[in-house]
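Here's query_23.cif, which has mmCIF, C-alpha atoms:
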data_entry
loop_
_atom_site.label_atom_id
_atom_site.label_comp_id
_atom_site.auth_asym_id
_atom_site.auth_seq_id
_atom_site.Cartn_x
_atom_site.Cartn_y
_atom_site.Cartn_z
CA MET Y 5 60.48 100.85 115.32
CA ARG Y 6 59.48 99.91 111.79
CA PHE Y 7 60.71 102.67 109.54
CA HIS Y 8 57.43 102.77 107.62
CA LEU Y 9 55.82 106.16 108.15
CA ILE Y 10 52.94 105.72 105.71
CA ASP Y 11 49.81 103.82 106.77
CA ARG Y 12 47.61 104.52 103.77
CA ILE Y 13 47.79 106.06 100.34
CA GLU Y 14 44.61 108.09 99.90
CA THR Y 15 45.01 109.61 96.45
CA LEU Y 16 47.68 109.22 93.80
CA THR Y 17 48.12 110.58 90.30
CA PRO Y 18 51.16 108.92 88.70
CA ARG Y 19 54.09 111.28 88.07
CA GLU Y 20 52.11 114.13 89.67
CA THR Y 21 50.86 113.99 93.26
CA ILE Y 22 50.17 111.76 96.24
CA THR Y 23 48.24 112.21 99.47
CA ALA Y 24 49.10 109.70 102.18
CA ARG Y 25 48.16 109.27 105.81
CA LYS Y 26 49.88 108.26 109.00
CA VAL Y 27 48.22 107.83 112.37
CA THR Y 28 50.49 108.47 115.34
CA SER Y 29 50.33 106.66 118.66
CA VAL Y 30 51.82 107.10 122.08
CA ASP Y 31 52.87 103.45 121.72
CA GLU Y 32 55.41 104.42 119.05
CA THR Y 33 59.00 104.95 120.14
CA TYR Y 34 60.11 108.09 118.35
CA TRP Y 35 58.59 110.81 120.55
CA GLN Y 36 60.95 113.58 121.56
CA ALA Y 37 60.67 114.99 125.10
CA THR Y 38 60.18 118.79 125.16
CA PRO Y 39 58.94 121.39 127.67
CA ASN Y 40 55.56 121.04 125.95
CA GLY Y 41 55.45 117.24 126.30
CA PRO Y 42 56.32 114.56 123.74
CA VAL Y 43 56.37 115.76 120.14
CA LEU Y 44 57.10 114.26 116.75
CA PRO Y 45 60.73 115.05 115.79
CA PHE Y 46 61.08 117.48 112.88
CA GLY Y 47 63.09 114.92 110.93
CA LEU Y 48 60.38 112.27 111.15
CA ALA Y 49 57.68 114.65 109.91
CA LEU Y 50 60.01 115.38 106.99
CA GLU Y 51 60.67 111.64 106.54
CA ALA Y 52 56.92 110.91 106.39
CA LEU Y 53 56.66 113.41 103.55
CA CYS Y 54 59.68 111.88 101.80
CA GLN Y 55 58.24 108.37 102.18
CA ALA Y 56 55.01 109.56 100.56
CA ALA Y 57 57.18 110.92 97.76
CA THR Y 58 59.02 107.63 97.32
CA TRP Y 59 55.72 105.70 97.10
CA LEU Y 60 54.65 108.14 94.39
CA ILE Y 61 57.89 107.46 92.51
CA MET Y 62 57.70 103.68 92.96
CA ILE Y 63 54.08 103.37 91.90
CA SER Y 64 54.62 105.79 88.99
CA THR Y 65 57.44 103.59 87.68
CA ASP Y 66 55.81 100.19 88.38
CA HIS Y 67 58.32 99.70 91.21
CA ARG Y 68 61.37 99.98 88.95
CA LEU Y 69 62.72 103.13 90.62
CA ARG Y 70 62.95 104.27 94.19
CA ALA Y 71 63.81 107.69 95.58
CA ALA Y 72 66.90 108.30 97.70
CA LEU Y 73 67.04 111.68 99.41
CA LEU Y 74 69.85 113.91 98.14
CA ALA Y 75 68.88 117.38 99.30
CA VAL Y 76 66.20 119.53 100.87
CA GLY Y 77 66.03 123.13 99.74
CA GLU Y 78 64.01 124.35 102.69
CA ALA Y 79 61.73 122.80 105.30
CA THR Y 80 59.80 124.69 107.95
CA ALA Y 81 57.83 123.39 110.93
CA HIS Y 82 54.66 125.28 111.80
CA ARG Y 83 53.60 123.57 115.01
CA ASP Y 84 54.27 120.54 117.18
CA VAL Y 85 52.60 117.19 116.56
CA ALA Y 86 51.44 115.35 119.70
CA PRO Y 87 50.80 111.61 120.13
CA GLY Y 88 47.45 110.57 118.70
CA GLU Y 89 47.33 113.08 115.86
CA VAL Y 90 46.72 111.98 112.28
CA LEU Y 91 49.18 113.23 109.66
CA SER Y 92 48.32 113.86 106.04
CA MET Y 93 51.25 114.11 103.64
CA HIS Y 94 50.77 115.74 100.27
CA ALA Y 95 53.69 115.67 97.81
CA THR Y 96 53.87 117.05 94.28
CA ILE Y 97 56.49 116.22 91.65
CA GLU Y 98 57.85 119.48 90.29
CA SER Y 99 60.18 117.80 87.81
CA MET Y 100 61.24 114.23 87.09
CA THR Y 101 63.73 112.53 84.77
CA GLY Y 102 64.91 108.93 84.71
CA GLU Y 103 67.64 109.83 87.21
CA ALA Y 104 66.22 112.39 89.62
CA ALA Y 105 63.07 114.09 90.83
CA ILE Y 106 62.32 117.32 92.63
CA LEU Y 107 59.26 117.49 94.86
CA ASP Y 108 57.50 119.94 97.16
CA GLY Y 109 55.11 118.97 99.89
CA THR Y 110 53.23 119.66 103.09
CA VAL Y 111 52.32 117.71 106.19
CA THR Y 112 49.04 118.65 107.86
CA ALA Y 113 47.29 117.49 111.03
CA GLY Y 114 43.77 118.42 112.02
CA GLY Y 115 43.59 120.64 108.96
CA GLU Y 116 46.62 122.69 110.04
CA ARG Y 117 49.98 122.77 108.32
CA VAL Y 118 52.64 121.27 110.57
CA LEU Y 119 55.53 121.15 108.10
CA GLU Y 120 56.20 122.25 104.54
CA ALA Y 121 59.20 121.48 102.39
CA THR Y 122 60.40 122.67 99.00
CA GLY Y 123 63.18 121.50 96.75
CA ILE Y 124 63.22 117.87 97.91
CA LEU Y 125 65.79 116.42 95.49
CA CYS Y 126 65.82 112.64 95.14
CA ALA Y 127 68.06 110.35 93.15
CA LEU Y 128 65.98 107.70 91.40
CA ILE Y 129 67.78 104.40 91.80
CA ASP Y 130 67.10 100.85 90.76
CA ALA Y 131 64.52 99.66 93.29
CA GLU Y 132 65.80 96.07 93.15
CA ARG Y 133 69.08 97.21 94.72
CA LEU Y 134 67.21 98.16 97.89
CA ASP Y 135 64.26 95.82 98.35
CA ASP Y 136 62.34 92.99 96.72
CA PRO Y 137 60.01 94.63 94.17
CA ASP Y 138 57.37 91.95 94.81
CA HIS Y 139 57.35 92.98 98.46
CA THR Y 140 56.94 96.66 97.66
CA ARG Y 141 54.16 95.82 95.17
CA ARG Y 142 52.31 93.88 97.86
CA MET Y 143 52.78 96.68 100.31
CA ALA Y 144 51.60 99.30 97.81
CA HIS Y 145 48.50 97.18 97.26
CA GLN Y 146 47.81 97.17 101.00
CA LEU Y 147 48.50 100.88 101.41
CA GLN Y 148 46.02 101.63 98.63
CA GLY Y 149 43.28 99.73 100.43
CA GLY Y 150 43.77 96.39 98.75
CA GLY Y 151 43.69 94.41 101.99
CA PRO Y 152 45.88 91.42 102.80
CA VAL Y 153 47.73 89.77 99.97
CA GLY Y 154 48.72 86.12 100.09
CA MET R 23 76.62 112.02 126.19
CA SER R 24 73.44 112.97 124.42
CA THR R 25 71.50 116.19 124.78
CA THR R 26 68.31 114.99 123.15
CA ARG R 27 66.43 111.82 123.87
CA THR R 28 63.13 110.46 122.73
CA ALA R 29 60.60 109.53 125.37
CA THR R 30 61.82 105.96 125.12
CA GLY R 31 65.45 106.70 124.35
CA ALA R 32 64.82 105.35 120.86
CA VAL R 33 65.35 106.22 117.25
CA ALA R 34 65.11 109.94 116.73
CA GLY R 35 68.83 109.94 117.16
CA ALA R 36 71.21 112.42 118.65
CA PHE R 37 74.83 111.52 119.17
CA ASP R 38 76.90 109.27 121.38
CA ARG R 39 79.57 111.60 122.70
CA ILE R 40 80.38 115.30 122.66
CA VAL R 41 84.08 115.90 122.04
CA GLU R 42 84.06 119.73 121.97
CA LEU R 43 81.55 122.23 123.30
CA GLU R 44 81.75 126.02 123.29
CA PRO R 45 78.19 127.11 124.13
CA GLY R 46 77.05 129.90 121.85
CA ARG R 47 79.79 129.08 119.32
CA ARG R 48 80.30 125.47 118.30
CA ALA R 49 80.06 121.82 119.21
CA VAL R 50 81.58 118.61 117.88
CA ALA R 51 80.21 115.13 118.54
CA VAL R 52 80.45 111.52 117.43
CA ARG R 53 77.59 109.23 116.49
CA ASN R 54 78.23 105.54 115.90
CA ILE R 55 76.05 103.63 113.45
CA PRO R 56 75.82 99.98 114.60
CA HIS R 57 74.07 97.37 112.48
CA THR R 58 71.67 96.80 115.38
CA LEU R 59 69.74 100.03 114.69
CA PRO R 60 66.09 99.03 114.08
CA CYS R 61 65.81 101.30 111.04
CA PHE R 62 68.13 98.96 109.11
CA ASP R 63 65.45 96.23 109.17
CA HIS R 64 63.52 98.20 106.56
CA HIS R 65 65.87 100.88 105.24
CA PHE R 66 66.68 98.90 103.20
CA PRO R 67 66.42 95.10 103.28
CA ARG R 68 69.00 94.67 100.48
CA PHE R 69 71.19 97.69 101.23
CA PRO R 70 71.21 99.13 104.76
CA VAL R 71 71.46 102.92 104.75
CA LEU R 72 70.97 105.30 107.65
CA PRO R 73 67.97 107.47 106.74
CA GLY R 74 69.22 110.97 105.99
CA VAL R 75 66.61 112.51 108.27
CA LEU R 76 68.16 110.69 111.26
CA LEU R 77 71.48 112.33 110.41
CA LEU R 78 69.58 115.62 110.23
CA GLU R 79 68.16 114.92 113.70
CA SER R 80 71.71 114.36 114.96
CA MET R 81 72.77 117.68 113.48
CA ALA R 82 69.76 119.37 115.10
CA ALA R 83 70.53 117.89 118.51
CA LEU R 84 74.12 119.06 118.27
CA ALA R 85 72.99 122.48 117.04
CA LYS R 86 70.88 122.83 120.20
CA ALA R 87 73.94 122.00 122.30
CA ALA R 88 76.04 124.53 120.38
CA ALA R 89 73.36 127.20 120.82
CA GLY R 90 73.65 126.81 124.60
CA GLY R 91 71.70 128.91 127.08
CA GLU R 92 69.39 127.95 129.91
CA ARG R 93 66.27 127.27 127.85
CA ALA R 94 65.44 124.45 125.46
CA TRP R 95 65.55 124.97 121.70
CA ARG R 96 63.40 123.44 118.98
CA LEU R 97 64.27 123.07 115.30
CA ALA R 98 62.10 125.59 113.42
CA SER R 99 63.43 125.24 109.88
CA VAL R 100 66.30 123.96 107.76
CA ARG R 101 67.79 125.34 104.55
CA GLY R 102 70.29 123.89 102.11
CA VAL R 103 70.52 120.32 103.45
CA ARG R 104 72.60 117.98 101.28
CA PHE R 105 73.22 114.25 101.63
CA LYS R 106 76.37 113.50 99.68
CA HIS R 107 77.19 109.88 100.55
CA PHE R 108 75.35 106.94 102.10
CA VAL R 109 76.01 106.26 105.78
CA GLY R 110 75.73 102.63 106.81
CA PRO R 111 76.47 100.04 109.48
CA GLY R 112 79.94 100.35 111.00
CA ASP R 113 80.36 104.03 110.20
CA GLN R 114 81.40 106.52 112.86
CA VAL R 115 79.97 109.93 112.06
CA HIS R 116 81.76 113.08 113.25
CA LEU R 117 79.33 115.97 113.54
CA THR R 118 80.22 119.65 113.73
CA ALA R 119 77.79 122.48 114.48
CA GLU R 120 78.80 126.15 114.30
CA VAL R 121 76.61 129.03 115.38
CA THR R 122 76.38 131.56 112.53
CA GLY R 123 73.85 134.06 113.87
CA GLY R 124 70.81 134.73 116.01
CA ASN R 125 69.42 136.75 118.89
CA ARG R 126 67.76 136.09 122.27
CA HIS R 127 64.92 134.19 120.58
CA THR R 128 66.55 132.39 117.65
CA THR R 129 69.88 130.83 116.75
CA GLU R 130 71.14 129.83 113.33
CA VAL R 131 73.64 127.00 113.02
CA ARG R 132 75.62 125.45 110.16
CA ALA R 133 76.34 121.72 110.45
CA THR R 134 78.56 119.15 108.78
CA ALA R 135 78.73 115.36 109.08
CA ARG R 136 81.88 113.44 108.12
CA VAL R 137 82.83 109.77 107.99
CA GLY R 138 86.60 109.62 107.98
CA ASP R 139 87.80 112.33 105.60
CA ARG R 140 84.60 112.29 103.56
CA VAL R 141 81.84 114.86 104.08
CA VAL R 142 78.60 112.85 104.03
CA ALA R 143 76.06 115.59 104.75
CA THR R 144 75.85 119.34 105.25
CA ALA R 145 73.19 121.75 106.42
CA ARG R 146 73.71 125.38 105.44
CA ALA R 147 71.28 126.61 108.10
CA LEU R 148 69.44 125.01 111.00
CA ALA R 149 67.17 127.68 112.49
CA LEU R 150 66.42 127.10 116.17
CA ALA R 151 63.68 128.82 118.19
CA LEU R 152 63.07 128.73 121.93
CA ALA R 153 60.87 125.72 122.67
CA ASP R 154 58.78 127.50 125.32
CA GLU R 155 57.92 130.54 123.19
CA PRO R 156 54.83 130.71 120.92
CA TRP R 157 55.21 129.53 117.34
CA GLU R 158 55.49 132.31 114.80
CA GLY R 159 52.01 133.19 113.59
CA THR R 160 50.32 131.34 116.44
CA ALA R 161 50.69 133.85 119.28
#
Same coordinates, now as structure tokens:
Amino acid sequence: MRFHLIDRIETLTPRETITARKVTSVDETYWQATPNGPVLPFGLALEALCQAATWLIMISTDHRLRAALLAVGEATAHRDVAPGEVLSMHATIESMTGEAAILDGTVTAGGERVLEATGILCALIDAERLDDPDHTRRMAHQLQGGGPVG
Amino acid sequence: MSTTRTATGAVAGAFDRIVELEPGRRAVAVRNIPHTLPCFDHHFPRFPVLPGVLLLESMAALAKAAAGGERAWRLASVRGVRFKHFVGPGDQVHLTAEVTGGNRHTTEVRATARVGDRVVATARALALALADEPWEGTA
């Protein structure tokens, strides 16, 4: 699967908060079999929140810095997520320097909390080491409703 | 051997082989990280790194095996998770899960991931709940 767990960025205030959205589909490959049917793995709900956080960092720094996950203080799941649900990730920067950021956040679906996490510690590393900044700029443009870019 | 599989046997990641299992006490497993994993196409194009959450999913799968019992467990919460070093293509990750507490309804597990002699990730507490029981606050 493509490891892009953000479909749209809905609201963003640089260096403060982001709300992003992901639609889930039974056609995706990550579903975990449980006695209650296929569910979104805990780690991927957490990853969706962390990816929202890294878009917030990248856009806040004009794609100079990217977040790499160092630690999670605490994360708690509140219910299962089934195929077809729409996830909304909301992340808030609690503190940020040129080298690291700490964020808190929640994932909701259908208006209900499905996961919350506190103390998400990220190292902020040179984005060019990981990906082509022009590519991430184009993608950010698309995620923010900018449509296709040449 | 793997105790957890996705519906399609895909990415959510467990482990390749259990090397020790004492149900209710501890489990040790190995997970290989080949360059063919689809996540490396995008994470990241210039520097392939296994996403930390997939290592966390491996720890959770092994924690469920260590918890043992007849019924399935789900991961309810995690505390004190630390990713200390990047894990990338070619690495062989040795995972250890040790039961630290619990009762008939919950189990708490501590987990460590090593590559060679280096600790690459730790989880101070993985809290498991029985998968077929109501979620706390939802009964």
_Please report the interatomic distance between CA of Asp135 (chain Y) and CA of Ile22 (chain Y) in Å with one decimal._
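Spanning CA of Asp135 (chain Y) to CA of Ile22 (chain Y) is a straight-line distance of 21.4 Å.
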*9 Å contact set for region 113-124 of chain Y, all atoms listed in the file, chain neighbours under 5 positions out, as a VMD selection string*: chain Y and resid 46 49 to 50 53 to 54 73 to 85 89 to 92 98 105 to 108
*asked:* Between CA of Pro70 (chain R) and CA of Pro111 (chain R), what is the distance in Å, rounded to a tenth?
replied: 7.1 Å
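By all atoms listed in the file, and with residues fewer than 3 positions from Gly124 (chain R) along its chain excluded, the set lying at most 12 Å from it is Gly46, Arg47, Ala89, Glu120, Val121, His127, Thr128, Thr129, Glu130, Val131, Arg132, Ala147, Leu148, Ala149, Leu150, Ala151 and Leu152 of chain R.
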*Calculate how many Å separate CA of Phe7 (chain Y) from CA of Asp63 (chain R), rounding to one decimal.*
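Spanning CA of Phe7 (chain Y) to CA of Asp63 (chain R) is a straight-line distance of 8.0 Å.
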*Do you know which residues the PyMOL selection byres ((chain Y and resi 38) around 12) returns on this file, as a list in words?*
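Selected by the PyMOL selection byres ((chain Y and resi 38) around 12) here: Trp35, Gln36, Ala37, Pro39, Asn40, Gly41, Pro42, Val43, Leu44, Pro45, Asp84, Val85 and Ala86 of chain Y; Thr25, Thr26, Arg27, Thr28, Ala29, Arg93, Ala94, Trp95, Arg96, Leu97, Leu152, Ala153 and Asp154 of chain R.
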*asked:* Ranking R:Leu59, R:Val137, R:Ala36, R:Val115 by minimum distance to Leu76 (chain R) and counting only C-alpha atoms, which one comes first?
replied: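 Answer, going by the shortest atom-to-atom distance: R:Ala36.
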If you take every atom of region 59-77 of chain Y that the file lists and fit an axis-aligned box around them with 4 Å extra on each side, what centre and edge lengths come out in Å to one decimal, as lines of an AutoDock Vina configuration file?
center_x = 62.0
center_y = 111.4
center_z = 94.3
size_x = 23.8
size_y = 31.4
size_z = 21.2
*In terms of the shortest atom-to-atom distance over only C-alpha atoms, which of R:Arg48, R:Arg104, R:His116, R:Arg39 is closest to chain Y?*
R:Arg104
